[in-house]
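Listing of run_1.tsv, TSV, C-alpha atoms and all ligand atoms
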chain	number	residue	atom	x	y	z
A	1	MET	CA	-26.41	14.30	-5.19
A	2	ALA	CA	-28.76	16.88	-3.63
A	3	ARG	CA	-30.87	18.93	-6.01
A	4	PRO	CA	-29.90	22.61	-6.27
A	5	LYS	CA	-31.96	24.96	-4.08
A	6	ILE	CA	-33.49	27.91	-5.86
A	7	ALA	CA	-34.93	30.75	-3.78
A	8	LEU	CA	-37.41	33.09	-5.44
A	9	ILE	CA	-37.74	36.34	-3.49
A	10	GLY	CA	-41.11	37.72	-4.53
A	11	ALA	CA	-43.97	35.35	-5.35
A	12	GLY	CA	-45.95	37.63	-7.64
A	13	GLN	CA	-46.48	37.26	-11.38
A	14	ILE	CA	-42.83	36.69	-12.27
A	15	GLY	CA	-42.03	34.76	-9.08
A	16	GLY	CA	-44.85	32.27	-9.65
A	17	THR	CA	-43.89	31.81	-13.30
A	18	LEU	CA	-40.25	31.25	-12.29
A	19	ALA	CA	-41.30	28.58	-9.79
A	20	HIS	CA	-43.32	26.77	-12.46
A	21	LEU	CA	-40.44	26.90	-14.97
A	22	VAL	CA	-37.87	25.67	-12.41
A	23	ALA	CA	-40.15	22.72	-11.63
A	24	LEU	CA	-40.98	21.90	-15.28
A	25	LYS	CA	-37.29	22.00	-16.21
A	26	GLU	CA	-36.32	20.10	-13.03
A	27	LEU	CA	-33.60	22.63	-12.26
A	28	GLY	CA	-33.92	22.10	-8.52
A	29	ASP	CA	-36.10	22.52	-5.45
A	30	VAL	CA	-37.90	25.82	-4.97
A	31	VAL	CA	-38.43	28.12	-2.02
A	32	LEU	CA	-40.90	30.91	-2.79
A	33	PHE	CA	-40.58	33.84	-0.39
A	34	ASP	CA	-42.93	36.82	-0.10
A	35	ILE	CA	-44.16	39.21	2.59
A	36	ALA	CA	-47.79	38.65	1.54
A	37	ASP	CA	-48.61	35.65	3.76
A	38	GLY	CA	-50.57	32.99	1.88
A	39	THR	CA	-49.40	33.91	-1.63
A	40	PRO	CA	-46.09	32.00	-1.65
A	41	GLN	CA	-47.62	29.04	0.19
A	42	GLY	CA	-50.59	28.91	-2.19
A	43	LYS	CA	-48.49	29.14	-5.35
A	44	ALA	CA	-45.98	26.57	-4.09
A	45	LEU	CA	-48.75	24.07	-3.29
A	46	ASP	CA	-50.55	24.68	-6.60
A	47	ILE	CA	-47.35	24.05	-8.59
A	48	ALA	CA	-46.39	21.04	-6.45
A	49	GLU	CA	-49.80	19.55	-7.23
A	50	ALA	CA	-48.98	19.91	-10.94
A	51	GLY	CA	-45.98	17.58	-10.44
A	52	PRO	CA	-47.69	14.22	-11.06
A	53	ALA	CA	-49.32	15.43	-14.29
A	54	GLY	CA	-46.24	17.46	-15.37
A	55	PRO	CA	-44.60	15.14	-14.68
A	56	PHE	CA	-41.71	16.57	-12.68
A	57	ASP	CA	-39.80	15.91	-9.48
A	58	ALA	CA	-39.23	19.00	-7.39
A	59	THR	CA	-40.19	20.08	-3.92
A	60	LEU	CA	-41.73	23.51	-3.53
A	61	LYS	CA	-42.13	25.46	-0.33
A	62	GLY	CA	-43.81	28.81	0.19
A	63	THR	CA	-42.69	30.97	3.08
A	64	THR	CA	-42.56	34.40	4.72
A	65	ASP	CA	-39.47	33.45	6.74
A	66	TYR	CA	-36.03	34.24	5.31
A	67	ALA	CA	-34.55	31.33	7.30
A	68	ASP	CA	-36.14	28.99	4.73
A	69	ILE	CA	-33.86	30.25	1.92
A	70	ALA	CA	-30.80	29.06	3.92
A	71	GLY	CA	-28.08	27.70	1.69
A	72	ALA	CA	-29.81	28.55	-1.60
A	73	ASP	CA	-27.62	28.09	-4.68
A	74	VAL	CA	-29.52	30.69	-6.70
A	75	CYS	CA	-31.74	33.59	-5.59
A	76	ILE	CA	-33.93	35.33	-8.15
A	77	VAL	CA	-35.33	38.62	-6.87
A	78	THR	CA	-38.63	40.04	-8.11
A	79	ALA	CA	-39.80	41.54	-4.82
A	80	GLY	CA	-41.25	45.01	-5.13
A	81	VAL	CA	-43.89	46.71	-7.23
A	82	PRO	CA	-44.31	46.64	-11.02
A	83	ARG	CA	-45.36	49.50	-13.32
A	84	LYS	CA	-48.88	50.65	-13.99
A	85	PRO	CA	-49.86	52.23	-17.33
A	86	GLY	CA	-48.31	55.69	-17.66
A	87	MET	CA	-45.51	54.94	-15.18
A	88	SER	CA	-41.87	54.72	-16.15
A	89	ARG	CA	-39.60	52.12	-14.55
A	90	ASP	CA	-37.85	54.98	-12.75
A	91	ASP	CA	-41.07	55.92	-10.92
A	92	LEU	CA	-40.63	52.71	-8.91
A	93	LEU	CA	-37.26	53.70	-7.47
A	94	GLY	CA	-38.26	54.97	-4.01
A	95	ILE	CA	-40.47	52.02	-3.07
A	96	ASN	CA	-38.30	49.30	-4.55
A	97	LEU	CA	-35.09	50.67	-3.02
A	98	LYS	CA	-36.50	49.95	0.46
A	99	VAL	CA	-37.45	46.46	-0.70
A	100	MET	CA	-33.88	45.86	-1.97
A	101	LYS	CA	-32.55	46.74	1.48
A	102	SER	CA	-34.60	44.05	3.24
A	103	VAL	CA	-33.96	41.51	0.48
A	104	GLY	CA	-30.21	42.22	0.42
A	105	GLU	CA	-29.99	41.74	4.17
A	106	GLY	CA	-32.10	38.56	4.01
A	107	ILE	CA	-29.85	37.04	1.35
A	108	ALA	CA	-26.63	38.08	3.12
A	109	ALA	CA	-27.78	36.47	6.37
A	110	ASN	CA	-29.13	33.24	4.88
A	111	ALA	CA	-27.69	32.54	1.42
A	112	PRO	CA	-24.38	34.39	1.13
A	113	ASN	CA	-22.98	31.88	-1.40
A	114	ALA	CA	-25.88	32.18	-3.85
A	115	PHE	CA	-25.75	33.47	-7.41
A	116	VAL	CA	-28.23	36.35	-7.30
A	117	ILE	CA	-30.26	37.52	-10.29
A	118	CYS	CA	-32.22	40.73	-9.76
A	119	ILE	CA	-35.28	41.51	-11.89
A	120	THR	CA	-36.90	44.29	-9.84
A	121	ASN	CA	-37.09	47.65	-11.64
A	122	PRO	CA	-35.58	50.13	-12.26
A	123	LEU	CA	-33.24	47.25	-12.97
A	124	ASP	CA	-29.75	48.69	-13.28
A	125	ALA	CA	-30.08	50.82	-10.15
A	126	MET	CA	-31.83	48.08	-8.15
A	127	VAL	CA	-29.16	45.46	-8.91
A	128	TRP	CA	-26.50	47.96	-7.83
A	129	ALA	CA	-28.38	48.69	-4.59
A	130	LEU	CA	-29.04	44.98	-3.93
A	131	ARG	CA	-25.32	44.26	-4.28
A	132	GLU	CA	-24.48	47.11	-1.90
A	133	PHE	CA	-27.05	46.01	0.72
A	134	SER	CA	-26.06	42.32	0.49
A	135	GLY	CA	-22.29	42.81	0.37
A	136	LEU	CA	-21.97	39.72	-1.87
A	137	PRO	CA	-19.11	39.56	-4.40
A	138	HIS	CA	-19.87	41.58	-7.54
A	139	GLU	CA	-19.52	38.54	-9.81
A	140	LYS	CA	-22.28	36.75	-7.87
A	141	VAL	CA	-24.88	39.53	-8.27
A	142	CYS	CA	-26.31	40.49	-11.65
A	143	GLY	CA	-29.50	41.75	-13.25
A	144	MET	CA	-31.79	40.25	-15.87
A	145	ALA	CA	-32.74	42.63	-18.67
A	146	GLY	CA	-30.53	42.06	-21.72
A	147	VAL	CA	-31.74	38.50	-22.30
A	148	LEU	CA	-35.34	39.77	-22.30
A	149	ASP	CA	-34.64	42.85	-24.41
A	150	SER	CA	-32.73	40.80	-26.98
A	151	ALA	CA	-35.44	38.08	-26.94
A	152	ARG	CA	-38.00	40.75	-27.82
A	153	PHE	CA	-35.71	42.06	-30.57
A	154	ARG	CA	-35.22	38.48	-31.88
A	155	HIS	CA	-38.95	37.81	-31.83
A	156	PHE	CA	-39.71	40.93	-33.87
A	157	LEU	CA	-36.90	40.17	-36.34
A	158	ALA	CA	-37.88	36.52	-36.81
A	159	THR	CA	-41.47	37.60	-37.46
A	160	GLU	CA	-40.34	40.22	-39.97
A	161	PHE	CA	-38.07	37.77	-41.84
A	162	GLU	CA	-40.37	34.76	-41.45
A	163	VAL	CA	-37.54	32.58	-40.15
A	164	SER	CA	-37.04	30.51	-37.00
A	165	MET	CA	-36.27	32.53	-33.87
A	166	LYS	CA	-33.53	29.98	-33.20
A	167	ASP	CA	-31.56	31.34	-36.17
A	168	VAL	CA	-31.84	34.98	-35.12
A	169	THR	CA	-29.31	36.44	-32.71
A	170	ALA	CA	-29.59	39.94	-31.35
A	171	PHE	CA	-27.49	42.23	-29.28
A	172	VAL	CA	-28.81	44.80	-26.84
A	173	LEU	CA	-26.51	46.87	-24.62
A	174	GLY	CA	-26.86	49.55	-21.98
A	175	GLY	CA	-29.42	50.21	-19.28
A	176	HIS	CA	-32.85	48.57	-19.23
A	177	GLY	CA	-34.88	51.62	-20.15
A	178	ASP	CA	-35.76	53.94	-22.96
A	179	THR	CA	-32.07	54.47	-23.66
A	180	MET	CA	-31.21	50.79	-24.22
A	181	VAL	CA	-28.97	50.21	-27.24
A	182	PRO	CA	-30.05	47.49	-29.71
A	183	LEU	CA	-26.99	46.90	-31.92
A	184	THR	CA	-28.05	46.01	-35.46
A	185	ARG	CA	-24.44	45.47	-36.61
A	186	TYR	CA	-24.04	42.58	-34.16
A	187	SER	CA	-27.54	41.14	-34.71
A	188	THR	CA	-27.80	38.40	-37.30
A	189	VAL	CA	-29.86	35.80	-39.12
A	190	ALA	CA	-27.69	32.67	-39.30
A	191	GLY	CA	-24.61	34.87	-39.01
A	192	ILE	CA	-25.68	37.46	-41.61
A	193	PRO	CA	-25.65	40.93	-39.95
A	194	LEU	CA	-28.85	43.01	-40.20
A	195	PRO	CA	-27.30	45.81	-42.32
A	196	ASP	CA	-26.38	43.13	-44.92
A	197	LEU	CA	-29.97	41.82	-44.86
A	198	VAL	CA	-31.18	45.35	-45.63
A	199	ASP	CA	-28.70	45.46	-48.56
A	200	MET	CA	-29.96	42.04	-49.69
A	201	GLY	CA	-33.51	43.43	-49.85
A	202	TRP	CA	-34.90	41.23	-47.04
A	203	THR	CA	-36.22	44.34	-45.35
A	204	THR	CA	-35.87	48.12	-45.37
A	205	GLN	CA	-33.96	50.48	-43.11
A	206	GLU	CA	-37.31	52.04	-42.07
A	207	LYS	CA	-38.63	48.67	-40.91
A	208	MET	CA	-35.39	47.99	-39.00
A	209	ASP	CA	-35.63	51.37	-37.28
A	210	ALA	CA	-39.24	50.65	-36.33
A	211	ILE	CA	-38.25	47.26	-34.87
A	212	VAL	CA	-35.45	48.85	-32.85
A	213	GLN	CA	-37.92	51.36	-31.44
A	214	ARG	CA	-40.51	48.66	-30.69
A	215	THR	CA	-37.80	46.75	-28.80
A	216	ARG	CA	-37.02	49.83	-26.70
A	217	ASP	CA	-40.75	50.21	-25.96
A	218	GLY	CA	-41.32	46.45	-25.52
A	219	GLY	CA	-42.05	46.61	-21.79
A	220	ALA	CA	-44.44	49.56	-22.12
A	221	GLU	CA	-46.31	47.79	-24.95
A	222	ILE	CA	-47.15	44.89	-22.62
A	223	VAL	CA	-47.97	47.22	-19.69
A	224	GLY	CA	-50.41	49.07	-21.96
A	225	LEU	CA	-52.07	45.86	-23.15
A	226	LEU	CA	-52.39	44.24	-19.72
A	227	GLY	CA	-53.62	47.42	-18.07
A	228	ASN	CA	-52.63	45.95	-14.72
A	229	GLY	CA	-49.02	44.93	-14.06
A	230	SER	CA	-46.16	44.24	-16.43
A	231	ALA	CA	-44.73	41.39	-18.51
A	232	PHE	CA	-43.97	38.15	-16.68
A	233	TYR	CA	-43.70	35.12	-18.98
A	234	ALA	CA	-40.77	36.41	-21.05
A	235	PRO	CA	-38.96	38.01	-18.07
A	236	ALA	CA	-39.19	34.75	-16.08
A	237	THR	CA	-38.05	32.62	-19.05
A	238	SER	CA	-35.07	34.94	-19.55
A	239	ALA	CA	-33.95	34.74	-15.92
A	240	ILE	CA	-34.21	30.94	-16.04
A	241	GLU	CA	-31.80	30.91	-19.00
A	242	MET	CA	-29.27	32.76	-16.83
A	243	ALA	CA	-29.84	30.56	-13.75
A	244	GLU	CA	-29.44	27.40	-15.84
A	245	SER	CA	-26.14	28.64	-17.28
A	246	TYR	CA	-24.83	29.16	-13.74
A	247	LEU	CA	-26.14	25.87	-12.30
A	248	LYS	CA	-24.90	23.76	-15.21
A	249	ASP	CA	-21.70	25.78	-15.79
A	250	GLN	CA	-22.81	26.21	-19.41
A	251	LYS	CA	-20.73	29.36	-19.94
A	252	ARG	CA	-23.45	30.86	-22.10
A	253	VAL	CA	-22.71	34.28	-23.57
A	254	LEU	CA	-25.67	36.28	-22.35
A	255	PRO	CA	-26.29	40.01	-22.05
A	256	CYS	CA	-27.06	41.03	-18.49
A	257	ALA	CA	-26.64	43.88	-16.05
A	258	ALA	CA	-23.17	43.14	-14.70
A	259	TYR	CA	-20.60	45.01	-12.68
A	260	VAL	CA	-18.21	46.54	-15.19
A	261	GLU	CA	-14.81	47.71	-14.07
A	262	GLY	CA	-12.37	48.78	-16.75
A	263	ALA	CA	-14.30	47.61	-19.84
A	264	TYR	CA	-16.36	50.11	-21.86
A	265	GLY	CA	-14.56	52.98	-20.11
A	266	LEU	CA	-16.52	52.23	-16.92
A	267	ASP	CA	-15.06	52.29	-13.46
A	268	GLY	CA	-17.21	50.07	-11.27
A	269	PHE	CA	-20.76	50.27	-12.53
A	270	TYR	CA	-23.76	47.99	-13.21
A	271	VAL	CA	-24.99	48.18	-16.79
A	272	GLY	CA	-26.13	45.82	-19.56
A	273	VAL	CA	-23.19	44.17	-21.32
A	274	PRO	CA	-22.48	40.77	-22.88
A	275	THR	CA	-21.17	38.35	-20.24
A	276	VAL	CA	-20.14	34.73	-19.80
A	277	ILE	CA	-22.17	33.00	-17.05
A	278	GLY	CA	-20.74	29.83	-15.53
A	279	LYS	CA	-20.15	28.25	-12.13
A	280	GLY	CA	-18.16	31.30	-11.03
A	281	GLY	CA	-21.15	33.58	-11.70
A	282	ILE	CA	-20.35	36.40	-14.09
A	283	GLU	CA	-17.06	34.93	-15.25
A	284	ARG	CA	-16.27	37.47	-17.96
A	285	VAL	CA	-17.51	40.74	-19.39
A	286	VAL	CA	-17.18	40.72	-23.18
A	287	ASN	CA	-15.76	44.08	-24.20
A	288	ILE	CA	-16.80	44.69	-27.81
A	289	LYS	CA	-15.57	47.59	-29.89
A	290	LEU	CA	-18.27	50.18	-30.47
A	291	SER	CA	-18.51	52.66	-33.33
A	292	LYS	CA	-18.63	56.36	-32.49
A	293	ASP	CA	-22.44	56.45	-32.77
A	294	GLU	CA	-22.90	53.27	-30.73
A	295	GLN	CA	-20.54	54.56	-28.03
A	296	ALA	CA	-22.53	57.81	-27.87
A	297	MET	CA	-25.80	55.85	-27.41
A	298	PHE	CA	-24.15	53.63	-24.79
A	299	ASP	CA	-22.78	56.65	-22.89
A	300	LYS	CA	-26.25	58.24	-22.88
A	301	SER	CA	-27.71	55.04	-21.47
A	302	VAL	CA	-24.98	54.83	-18.80
A	303	ASP	CA	-25.65	58.46	-17.84
A	304	ALA	CA	-29.33	57.60	-17.25
A	305	VAL	CA	-28.30	54.71	-14.96
A	306	LYS	CA	-25.80	56.94	-13.12
A	307	GLY	CA	-28.63	59.42	-12.46
A	308	LEU	CA	-30.71	56.64	-10.86
A	309	VAL	CA	-27.81	55.45	-8.68
A	310	LYS	CA	-27.30	59.04	-7.53
A	311	ALA	CA	-31.00	59.20	-6.62
A	312	CYS	CA	-30.63	55.96	-4.58
A	313	LYS	CA	-27.73	57.50	-2.65
A	314	GLU	CA	-29.79	60.60	-1.93
A	315	ILE	CA	-32.73	58.54	-0.63
A	316	ASP	CA	-30.66	56.14	1.50
A	317	GLY	CA	-27.66	57.77	3.14
A	318	SER	CA	-26.06	54.39	3.94
A	319	LEU	CA	-25.41	53.93	0.20
A	320	ALA	CA	-23.47	57.16	-0.27
B	401	LIG	P1	-45.88	41.49	-8.69
B	401	LIG	O1	-46.75	40.49	-9.34
B	401	LIG	O2	-46.48	42.69	-8.05
B	401	LIG	O3	-44.98	40.72	-7.61
B	401	LIG	C1	-44.14	41.39	-6.72
B	401	LIG	C2	-44.19	40.63	-5.41
B	401	LIG	O4	-43.23	41.22	-4.52
B	401	LIG	C3	-45.56	40.73	-4.70
B	401	LIG	O5	-46.08	39.43	-4.48
B	401	LIG	C4	-45.25	41.45	-3.39
B	401	LIG	O6	-46.01	40.98	-2.28
B	401	LIG	C5	-43.77	41.10	-3.21
B	401	LIG	N1	-43.06	42.00	-2.31
B	401	LIG	C6	-43.22	43.33	-2.11
B	401	LIG	N2	-42.37	43.76	-1.18
B	401	LIG	C7	-41.64	42.68	-0.77
B	401	LIG	C8	-40.60	42.49	0.17
B	401	LIG	N3	-40.12	43.50	0.89
B	401	LIG	N4	-40.08	41.25	0.30
B	401	LIG	C9	-40.56	40.21	-0.42
B	401	LIG	N5	-41.55	40.33	-1.32
B	401	LIG	C10	-42.09	41.56	-1.49
B	401	LIG	O7	-44.78	42.03	-9.74
B	401	LIG	P2	-44.10	41.23	-10.95
B	401	LIG	O8	-43.71	39.87	-10.49
B	401	LIG	O9	-44.92	41.40	-12.17
B	401	LIG	O10	-42.78	42.13	-11.16
B	401	LIG	C11	-41.78	42.15	-10.18
B	401	LIG	C12	-40.74	43.22	-10.49
B	401	LIG	O11	-40.07	42.90	-11.71
B	401	LIG	C13	-41.27	44.65	-10.67
B	401	LIG	O12	-40.41	45.58	-10.06
B	401	LIG	C14	-41.25	44.84	-12.19
B	401	LIG	O13	-41.14	46.19	-12.56
B	401	LIG	C15	-39.99	44.07	-12.53
B	401	LIG	N6	-39.87	43.66	-13.94
B	401	LIG	C16	-38.63	43.73	-14.49
B	401	LIG	C17	-38.43	43.35	-15.79
B	401	LIG	C18	-37.07	43.43	-16.39
B	401	LIG	O14	-36.88	43.09	-17.53
B	401	LIG	C19	-35.95	43.91	-15.59
B	401	LIG	C20	-39.51	42.89	-16.57
B	401	LIG	C21	-40.77	42.82	-15.98
B	401	LIG	C22	-40.95	43.21	-14.65

Represent the structure contained in this file as structure tokens.
Amino acid sequence: MARPKIALIGAGQIGGTLAHLVALKELGDVVLFDIADGTPQGKALDIAEAGPAGPFDATLKGTTDYADIAGADVCIVTAGVPRKPGMSRDDLLGINLKVMKSVGEGIAANAPNAFVICITNPLDAMVWALREFSGLPHEKVCGMAGVLDSARFRHFLATEFEVSMKDVTAFVLGGHGDTMVPLTRYSTVAGIPLPDLVDMGWTTQEKMDAIVQRTRDGGAEIVGLLGNGSAFYAPATSAIEMAESYLKDQKRVLPCAAYVEGAYGLDGFYVGVPTVIGKGGIERVVNIKLSKDEQAMFDKSVDAVKGLVKACKEIDGSLA
């Protein structure tokens, strides 16, 4: 049986890390695409040369020609520009919207049956635009953010409680931005919800509030530390979890930016929600019941995303 073909559109920090992870996990063969000639070819060769020592079996090809992604099973999109210190994700909108147009057309022409995971920021608006430009079915186009945001939340919680990260689950909803909604009620240690752990004296409400805020600011914290570019190891690892669930039909329940029609009072919109990812792509959106306060936070987050989509339509008339 042929190995799956995984196309990585953008061979920068996240793209290169994705290629390495795909190879190490032997998820399939990799095509690294970028407009910066030399970068995708150099990274592909460097990773391929790691194969014997890895050891892993995977072929890697770097290219500037969209024809090379033909027939890809999965496309992970990181093409565009990342944030610099002091920038918000939304500041990237104008530049990255143009990039989504060329990427969407490249995927539509060469890999129309792929499962597409967008990572380019501002995430919720870019995944919407990428879907519009590509014309692919909504269930085959999604965005990676929730897995990363909840991984950050889980890391902070596991460190606070001094327990294994494997036993901590966390729930983050809404747009990938300052308005994201970490849900403490649905976040647990071995099934025990966080509010109960506060009652049990494991931590205090103040510490929980600080962790929620640190999760919201998680991306900016890394941008500030690096001083040049944004996070890439955790974002790449998170997207791989989603790609693996699709390729192996694992039906993992993972939060991601999915097209929501009907659930959460939304009528056709991309926003972060819990989903089931299997061979059909986004097979289900899990519609959980929110409290009044949670719904208000979610609505605020959705409003922020709607504002960005409106801005996309104003910049590119073909999206209106
Ligand atoms: P970077 O290392 O700059 O890589 C981006 C690559 O895209 C570069 O190699 C560019 O040459 C390439 N590129 C630019 N335009 C095009 C084009 N039209 N077609 C193909 N390739 C192109 O950035 P990065 O890998 O650190 O980040 C990539 C994106 O992910 C940025 O928009 C980040 O803001 C975003 N990001 C999102 C998250 C989420 O959780 C959603 C986290 C971290 C970064």

Considering only C-alpha atoms, return as an MDAnalysis selection string whatever protein or nucleic-acid residues lie within 10 Å of Asp57 (chain A), sequence-local ones (same chain, fewer than 2 positions apart) excluded. chainID A and resid 23:29 48 51:52 54:55 59:60

Excluding same-chain residues fewer than 2 positions from region 202-219 of chain A, what lies within 8 Å of it counting only C-alpha atoms, as a ChimeraX atom specification? /A:149,152-153,156-157,160-161,177-180,182,197-200,221-223,230-231

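Ranking A:Val285, A:Leu173, A:Leu123, A:Ala258 by their shortest atom-to-atom distance to Thr78 (chain A), with all atoms listed in the file included, puts A:Leu123 first.
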
Find the residue from A:Leu226, A:Val31, A:Ala145, A:Met297 that sits nearest to Lys61 (chain A); use all atoms listed in the file when measuring.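 Using all atoms listed in the file, Lys61 (chain A) sits closest to A:Val31.
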
Select, from A:Asn287, A:Thr63, A:Gln250, A:Thr159, the residue with the minimum atom-to-atom distance to Val273 (chain A), counting all atoms listed in the file. A:Asn287

In Å, with one decimal, what is the gap from CA of Glu283 (chain A) to CA of Ser245 (chain A)?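 We find that CA of Glu283 (chain A) and CA of Ser245 (chain A) lie 11.2 Å from each other.
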
Could you tell me which of A:Arg3, A:Lys43, A:Arg284, A:Arg89 comes closest to ligand LIG 401 (chain B) if we count all atoms listed in the file? A:Arg89

Distance in Å - CA of Val127 (chain A) versus CA of Thr39 (chain A):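 About the pair CA of Val127 (chain A) and CA of Thr39 (chain A): they are 24.4 Å apart.
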
As a quick test: using only C-alpha atoms and all ligand atoms, which residues lie no more than 7 Å away from ligand LIG 401 (chain B)? Give them as an MDAnalysis selection string. chainID A and resid 9:15 33:36 78:83 89 96 99 102:103 119:123 144:145 148 176 219 229:232 235

Restricting the calculation to all atoms listed in the file, which member of A:Leu21, A:Gly191, A:Trp128, A:His138 is positioned closest to Phe56 (chain A)?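 Comparing A:Leu21, A:Gly191, A:Trp128, A:His138 against Phe56 (chain A), the winner is A:Leu21.
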
When you draw a straight line from CA of Leu254 (chain A) to CA of Val147 (chain A), how long is it in Å?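 CA of Val147 (chain A) lies 6.5 Å from CA of Leu254 (chain A).
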
Choose the residue, out of A:Leu32, A:Leu266, A:Ile240, A:Ile282, that has the smallest atom-to-atom separation from Tyr66 (chain A); count only C-alpha atoms. A:Leu32

Quick one: axis-aligned box around all listed atoms of region 34-43 of chain A, 5 Å on every side, centre and edge lengths in Å to one decimal, written as JSON.
{"center_x": -46.8, "center_y": 34.1, "center_z": -0.8, "size_x": 17.7, "size_y": 20.3, "size_z": 19.1}

Could you give me, as a ChimeraX atom specification, the residues within 6 Å of Gly104 (chain A), counting only C-alpha atoms and dropping anything in the same chain fewer than 3 positions from it? /A:100-101,107,130,133-134
